[in-house]
Each structure stands twice: as structure tokens, then as C-alpha cells.
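Below is one structure, written out as C-alpha cells; the observations come after it.
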Number of protein chains: 2
Amino acid sequence: MQKEQIQILETSIIRLLRRGANKQLLNIIKKTHMADLSIVFENLTPPNQEKLFKLLDNPDDIGLLFSHLSEKTFVEFVKIVDFDKLVTVFDHMASDDAAELLGCLDEELSDKILSKMKKEESYNVEQIMSYEEDTAGSLMVKDYVALEEDVKAREVIEALQNKYLDVEMPFYIYVIDNYGKLVGVSSLRQLVLESPDKPLKSFMATDIVSVKPYTDRDVVARLVSRYDFLAIPVVDDDNRIIGIVTVDDVIDILHETATEDMLKMAGVGEDYVETQSLLKGTRIRLPWLFASCLGGIANFFIIGRFESTLAQLTGLAAFIPIIMGMGGNIGTQSATIVVRGIATGRVNIRDFVKIISRELGVGFILGVTYGGLIAAVAKFSFMAEPFSWALSVVVGGSILSSMTVAAFVGTAVPLIFHRLNIDPAVATGPFVTTTMDLISVYCYFTITRLLLGF
Amino acid sequence: MQKEQIQILETSIIRLLRRGANKQLLNIIKKTHMADLSIVFENLTPPNQEKLFKLLDNPDDIGLLFSHLSEKTFVEFVKIVDFDKLVTVFDHMASDDAAELLGCLDEELSDKILSKMKKEESYNVEQIMSYEEDTAGSLMVKDYVALEEDVKAREVIEALQNKYLDVEMPFYIYVIDNYGKLVGVSSLRQLVLESPDKPLKSFMATDIVSVKPYTDRDVVARLVSRYDFLAIPVVDDDNRIIGIVTVDDVIDILHETATEDMLKMAGVGEDYVETQSLLKGTRIRLPWLFASCLGGIANFFIIGRFESTLAQLTGLAAFIPIIMGMGGNIGTQSATIVVRGIATGRVNIRDFVKIISRELGVGFILGVTYGGLIAAVAKFSFMAEPFSWALSVVVGGSILSSMTVAAFVGTAVPLIFHRLNIDPAVATGPFVTTTMDLISVYCYFTITRLLLGF
């Protein structure tokens with residue numbers, strides 16, 4: 001549904017809720033995907049949410065609705081849901097979704113739900129919850145098809161019709177040996193093509209790409225993207241399959257990591273959510289500005305040290321913004337290119353020297369171009385003064401050195417951070433910009449003192 | 001494969017190529033996914049590329065290799081490939097990949113290839129090429145399964161085994177009526193479950209989400225992500241199915257749009273590629289810095305107008321960096337939050353007033369905090385002066401006004417751009433920062449003149 005259609009849906013639902021037209025509402029619910037209904041649900045008043053929720057009775061639907069709600073709405077709403085109904089919903093949910101939602105609740109409630117859930121389900125969910133956030137283990141589902149090598153194509157199809165009825169999307173049939181080790185994989189597609197009496201081992205593929213439960217989610221996403229997989233198996237250290245991560249989770253990972261990287265680069269902190277309260281939003285952003293504040297104060301003292309220089313030519317102050325701006329902007333350019341390049345795998349740490357020299361080259365050429373341009377502005381503006389030539393050299397030289405250094409710092413810092421296993425996106429935020437501000441201003445005044453002798 | 005493994009693969013391949021050990025090379029090729037081989041291929045010298053390529057004879061493999069290569073390598077390498085071999089490869093390729101690769105070649109060569117391709121294939125590829133870039137039409141594949149309502153489950157499976165052998169991933173069976181209009185959809189999963197004699201219409205789902213060939217790729221990506229689809233059908237204006245966009249393309253879209261947005265926000269231009277030549281890289285980045293240069297020159301003239309003020313208290317200049325920095329950083333924070341929020345659909349233009357007032361609130365609170373802090377620094381630094389209290393009010397007030405205005409501008413500009421159908425990511429780049437620099441400096445000196453009377 002497009003935004004406009006969802007808005008129409010919302011209006012109808014609100015009107016029908018007011019009229020208590022449950023029959024029509026049930027009709028709408030039946031026809032609406034829970035991903036869409038969740039958007040309407042978010043916008044309803046709590047009493048309306050409760051009324052609408054009473055009409056939902058399919059636990060699968062409710063589970064889907066829950067997993068599409070924002071954390072805030074879910075945690076708030078779940079308090080008024082009947083406990084037994086809640087347990088049934090969690091029993092029906094995909095184990096990774098259940099683990100994620102239970103992780104949002106306070107421990108007491110989540111333990112209580114887990115203790116009432118079906119043994120097998122709660123075991124699966126607890127296993128997933130035991131893995132660290134952002135690892136393959138925390139993202140995997142336990143619904144997959146794993147059969148032994150000798151099972152025949154026909155028997156696989158029978159198993160899908162009976163034993164594996166719960167597995168929502170059995171794209172791949174994983175093949176295990178007698179010890180439960182993953183030895184092959186076949187696809188539903190292939191199964192339909194093979195003659196019914198052939199055993200799995202005769203047509204399975206054996207070049208399997210798998211991940212460990214502690215593999216980072218970025219690696220999982222990269223593998224699934226690169227090989228165009230629909231799912232990737234998660235195996236333990238003995239190569240026994242314990243779950244799969246599906247492509248829809250990979251899409252979520254890509255969304256989230258891109259968002260996080262952008263927010264980190266802007267110095268907001270990865271956890272920022274638009275819907276947070278004013279005070280919470282402020283609190284998250286506050287510390288990130290502190291770096292920039294400290295840098296500014298340091299800059300204040302640097303300029304203070306050059307007060308005698310400034311006193312001799314007040315006009316010097318007028319060049320501070322442009323020198324800072326050009327350095328800051330080119331630094332951000334370089335840093336963003338490198339950070340994103342690392343994230344997409346296009347920038348390789350092996351090429352350290354090559355990347356740095358390339359960016360230094362770009363910085364130098366751009367520095368000469370803009371340095372020349374602004375030197376001309378300086379010469380023209382101070383034409384009447386005897387030092388106008390020297391001043392234009394000072395300004396041009398400062399721009400050139402500031403842009404070259406900025407391109408270098410912007411490139412080197414994220415690469416070094418990446419090398420040290422520190423998230424390079426953090427390096428691009430206020431830190432690079434602030435450092436560049438300091439270097440730019442310092443270079444400017446030092447060059448002035450050297451060349452103009454003030 | 002992880003980076004380290006690919007490096008090992010590269011070393012082995014280079015060694016075997018030197019020794020001319022074709023048998024071992026063929027073995028390696030057989031076991032290696034083309035996505036991995038393409039990375040090695042990129043790094044080989046042209047003679048080695050040619051030698052390795054001669055060993056590839058499966059046109060499907062070669063097609064996969066081509067579609068994984070960077071545009072630069074592909075366009076360069078394709079020149080030395082035998083023309084007939086090239087035509088066979090394009091005949092075997094998925095039509096969307098073929099369309100994309102042909103689009104990279106010069107028109108003469110691409111026309112020549114198309115004219116020699118099989119009629120049906122070239123028709124499909126030309127249709128896809130006829131749609132504008134970044135639309136559903138340009139991304140779709142023609143390999144999908146569409147059958148009529150009365151076809152029975154058993155017959156569908158038979159069709160998959162014969163007629164649709166080429167369709168790589170028939171997750172969904174699209175159901176059409178006598179006029180070819182899309183009326184339902186079933187899944188391979190469901191097909192396996194249903195009794196063989198049931199016709200499609202008895203179990204197909206009828207709530208179909210589809211897109212038009214001219215639908216923007218961002219919308220396609222959003223729908224596939226929201227509903228966890230594996231593919232989405234593309235229908236013409238008469239609701240006849242003409243192709244499908246698959247989830248692996250959606251993953252590529254997500255990667256690309258996130259990269260583009262980040263680069264645009266950093267003012268690099270969306271087309272920047274890390275591997276571009278020094279001069280091309282410089283040329284792409286040059287114009288984006290021009291905005292910041294112009295802003296800096298404007299700032300130079302603004303400060304020039306306040307020269308008499310500065311002459312009375314040179315120390316004023318020392319606060320310029322911090323006032324600019326705080327405004328610039330909070331403006332970037334707000335703009336990034338809004339731009340990414342628009343991209344992920346979490347920020348709704350409907351909430352314009354709400355979002356703006358929230359950000360204004362955040363800007364004000366942060367402005368009071370940091371304004372107070374820096375006012376204290378000012379008071380302390382100029383303690384001996386009679387105007388130290390007034391100066392600290394000036395500095396604090398400037399920080400407060402600059403941060404509040406920046407939060408407002410950073411939020412409003414991308415929202416307004418989005419409203420006017422201009423890409424909001426562009427607004428966040430040097431434009432917002434430069435505008436903020438100007439406003440900050442202007443406010444600072446105006447407040448100084450008003451309060452200190454200099």
C-alpha cells in the first residue's frame with residue numbers, strides 16, 4: 001500500500017471503530033496485510049488500539065502485527081494484552097521475531113512468558129536470545145528443513161507436506177549426515193525437477209556457504225547479497241546446522257546498518273529514533289556535540305595565542321570561516337567515501353597506501369584550485385595594501401594546506417579505525433570535522449606569522 | 001568466502017596461470033562461485049585475465065562473472081572477447097543483467113550484439129532497456145511463471161519441469177485470466193501442499209501487490225521489504241504481468257540508494273566511485289565544494305562589514321570557529337535524521353509541524369546547554385575586562401540562536417525539498433552547512449553590535 005492508501009485505511013478504521021461496526025472491521029482486517037495494519041495501529045488512540053486488537057484472533061496475525069510495531073508502541077500495548085493470549089501468540093511466532101520482541105520486554109514479564117510457552121518453542125527462543133545482539137545467532141530462525149542424505153526426492157516432498165508444515169519458506173533443503181553435520185543443500189526448485197526416487201545425495205550441491213552463530217550480522221548480509229541467497233545456514237563449531245538467516249532479515253540488516261552509519265557519521269549516535277521523546281532525543285545528541293564544543297574551545301585558545309597577529313590586521317579574521325569550511329567539507333567528503341567504501345567492501349585495507357595517495361592527490365588538486373580562487377579574492381580585497389601579494393599567498397597557501405591535510409586525515413582516520421576494529425563511521429562524525437577545524441586554523445595563523453611577520 | 005580466502009584464491013590462481021596448469025585451474029573454477037572469481041579477476045593483469053577467461057566455457061558462468069565485474073573492468077575486457085562467444089553469453093543471461101551490461105557498452109557494439117541474439121531474448125532485453133533507469137521496468141526479469149486459473153496443481157508442477165525449466169527461482173506462480181490479467185498468486189511451497197487435482201484458482205491468494213514498469217525503484221524496494229516478498233510482479237496499465245523484480249535486485253537497490261544518499265549528504269555526488277581515476281574523482285568533487293567556497297567568500301564579506309567591531313575587540317574573532325562549529329554540527333544532525341527518516345519512511349511529511357517543533361525544541365535545549373557552557377568560558381577568559389558579562393551574554397546568545405536556527409534549517413530544508421520532489425539528500429550536503437555558517441556569523445556580529453555597542 002502507498003502512503004495515501006494507508007491514510008484512507010486509517011480513516012475508515014477510525015470511523016468504523018466509532019460506529020462499532022465489527023463486521024466491516026473484520027472484513028478489512030482479513031484483507032489487510034499486518035505490515036499495513038501496524039502503521040494504522042501506531043496512530044490509533046490507546047482505547048481504539050484495544051478495540052481493534054480484540055477483533056484479531058489469529059495468533060499468527062497478532063505475531064506479525066507485533067513484530068511490525070515500533071518498540072515503544074509494542075512495550076506499551078503489551079501491558080494490557082491478556083496473558084494467555086500473549087503466550088499463544090509467542091508460541092506461534094517465528095523464533096527470531098519472538099526472541100527480538102521478548103528482548104524488548106522487562107525480564108520478569110519475558111521470563112514469565114517463556115515459562116508458559118511450549119517447551120520446544122521456548123527452548124528455541126531462549127537459544128536465540130542467548131547469542132549476542134547483531135550476530136547470526138540472534139537473527140536466525142529455527143524453522144528449516146534438514147534431512148539425511150539417503151532421503152529420496154519423493155520422501156522429501158512428503159516430509160514437507162507433513163513434518164515441515166510449519167516451515168514457512170523452505171527454499172532450501174539442507175542435507176545432513178548421520179552425525180547431523182551439514183554436507184549438502186538442495187532447493188525446492190530442484191526437488192520438483194528430479195525424478196522421485198533419487199536420493200538427496202545424488203543431486204545436492206556440496207559447496208555450502210555457512211556462518212557461525214557468532215558471525216557478525218554485517219558479514220551475514222554481505223554473503224547473502226554477494227551470492228544472491230534466499231537464506232544462509234548457521235552451523236555450530238562441529239558443522240551441525242542450528243538455524244538459518246533468511247533474506248528478509250538481511251534486508252532489515254541492510255536498512256539498519258545504513259541508518260546507523262549515517263547517524264554515526266552525523267554524530268547523532270546509532271540509536272537515535274525519530275519518534276523518541278524530546279528529552280531522550282536531546283540526551284542522545286548532547287554528548288556528540290561535546291567533541292565539537294571542546295574543539296571549538298581549543299580553537300578559541302589557539303586564536304587567542306595569535307591575538308597580536310590579529311591586532312595588526314583585523315581583516316585576517318574574515319578568512320577564518322572559508323579556511324575552516326573548505327577543510328571541513330573536503331575532509332567529510334573523503335571520510336564518507338572511505339567509510340561507505342569499507343561498509344560495501346569496495347575499499348580494501350590492503351590498498352591503504354594507494355587510497356591515501358589518491359585522496360592526497362585529489363586534496364592537492366582541489367586545494368590548488370580553490371586556494372588560487374580565494375587567493376585572488378584576497379589580493380583583490382586588499383589591493384590598496386602593500387602586503388596584498390603576501391596576504392594572498394598566505395590565504396591561498398592556508399587553503400591548500402588545509403584541504404590537503406583534510407583529505408589525508410579524512411581518509412586515514414577511518415582506515416586506521418577500521419584496522420583497529422573500531423567502527424570507522426564514528427570517526428567521520430564530529431571528530432574528523434573538529435580535528436580539521438583545529439588544524440586549519442592553526443596552519444592559517446602559523447603561515448601568516450611566517451610570511452607576513454605579524 | 002571471506003577476504004582472506006579470496007586472497008589465497010588469488011595467489012593460487014596467479015601461480016597456476018604462470019605454470020599454465022590448466023587442469024588445476026579448471027578444478028578451481030568449478031568449485032568457485034563467480035561472485036568470488038570476479039574479485040580475483042578484477043585484480044589480474046590483462047594477459048592473465050585473458051588466459052583465465054579462455055578456461056571458462058559455460059555461458060551461464062561467464063554471464064555471472066560479467067555481471068559481478070565493475071563497469072570499468074567489464075567495458076575494458078569485453079573488447080577482446082570473441083564476438084560469437086559474447087552473443088551466446090548474452091543469450092543465456094537473465095534479461096535484467098543483460099540489459100544493464102549492454103547499457104554500459106557503446107551503442108554500436110550493444111546494437112550489434114542485440115541484432116545477433118535470439119529473437120525472444122533480445123526482445124526481452126530491449127523492452128527492459130526501454131524503461132528509464134531506476135524504474136521497476138529497468139530492473140525486472142522476464143523469467144517468471146504465469147499460468148491460467150484452471151491449471152491444476154499437478155499440471156503446474158509438470159509445467160515447471162518442462163516449459164519453465166529456465167526460470168531460476170519460481171517462488172511464486174502468478175495466475176492470469178483469459179485476458180492475461182493478473183488475478184492471483186500462489187507459491188511453490190503451497191503447490192507442494194495442495195492435492196494434485198485442485199485448480200490454481202481454488203487456492204491462489206488474490207490480494208496481490210504489484211508495481212508498474214515506471215514505478216520508482218525506491219518504492220519497489222520499500223514494498224518488498226515491508227511485506228517480506230521474494231519477488232514483486234510488474235504489470236502494465238491493463239494489469240497484465242510483464243515481469244518480476246526479485247529480492248536480490250532489491251538488496252542491490254538498498255545498497256545503492258544508501259550509498260548514494262551518504263555521498264550526496266557529504267557533497268560528493270552520487271556517482272562517485274572509489275576506483276575512479278584521480279582526475280575523474282577530482283572533477284566529480286570539485287563543483288560540490290563550490291557551494292562551500294561561495295559561502296566562505298560571502299562570510300568573508302560579512303565579517304569585513306564588521307571590521308570596526310572586530311578592531312575594538314580582536315578577541316571576538318576567537319569565538320568564530322566555535323559558533324560556526326556548533327551550528328554546523330547540530331544542523332547536520334537534524335538534516336541527517338530527517339533525510340534518513342524520509343528514506344526509510346519513518347518521517348512523514350504529514351507531521352511537518354510536529355517534526356519541526358520537536359527539532360526546534362532539541363535545538364533550543366542543546367543551545368541553552370552549550371551556550372551556557374561557552375558563555376562561562378568567555379566570562380572566565382575576559383574576566384579583567386569591564387564588558388566581560390556582556391561578552392558572555394553575546395557569546396552564549398549567539399550559540400543559542402545559531403543552534404536553534406540550525407536545528408530548524410536542518411529539519412525544514414530537507415522536508416521542503418522532499419515536498420517539492422527534490423532529493424532531500426542533496427539539501428543536507430554543503431548547502432545546509434554553508435547556509436548555517438553564514439547565518440551563525442551574521443547573528444554573532446549583529447548581537448555583538450547590539451549588546452556591546454562596538
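All residue names refer to the C-alpha cells as shown: chains lettered A, B, ... in order, residues numbered from 1 in each chain, ligands numbered from 1 in order.
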(request) Find the residues around region 104-113 of chain B up to 9 Å (only C-alpha atoms counted), leave out those fewer than 5 positions away in its own chain, and share them as a list in words. (result)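 The residues that qualify are Glu71, Phe74, Val75, Val78, Phe83, Asp84, Leu86, Val87, Phe90, Ala99 and Ser122 of chain B.
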Would you tabulate, counting only C-alpha atoms, all residues of chain B that have an atom at most 6 Å from an atom of chain A, showing the closest pair of atoms and their distance in Å to one decimal, sorted by chain then ascending number, as a tab-separated table?
```
residue	atom	partner	partner_atom	distance
B:Gln161	CA	A:Leu193	CA	5.3
B:Leu193	CA	A:Gln161	CA	5.3
B:Asp228	CA	A:Asp248	CA	5.5
B:Asp248	CA	A:Asp228	CA	5.5
B:Ala266	CA	A:Gln333	CA	5.3
B:Val268	CA	A:Gln333	CA	5.9
B:Thr282	CA	A:Val362	CA	5.4
B:Gly296	CA	A:Ile322	CA	4.0
B:Phe300	CA	A:Ala318	CA	4.6
B:Ile303	CA	A:Ala318	CA	5.2
B:Ala317	CA	A:Ala317	CA	5.9
B:Ala318	CA	A:Phe300	CA	4.6
B:Phe319	CA	A:Phe300	CA	5.8
B:Pro321	CA	A:Gly296	CA	5.9
B:Ile322	CA	A:Gly296	CA	4.0
B:Gln333	CA	A:Ala266	CA	5.3
B:Val362	CA	A:Thr282	CA	5.4
```
(message) Just the number, please: distance in Å from CA of Met403 (chain A) to CA of Ser440 (chain A), one decimal.
(response)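 Spanning CA of Met403 (chain A) to CA of Ser440 (chain A) is a straight-line distance of 8.4 Å.
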(request) Would you please give, as a list of chain:residue names, all residues of region 129-164 of chain A that DSSP assigns to strand (DSSP E or B) based on the backbone? (result)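 Checking each residue of region 129-164 of chain A, the strand (DSSP E or B) ones are A:Thr135, A:Val141, A:Val145, A:Ala146, A:Leu147, A:Glu148, A:Lys152.
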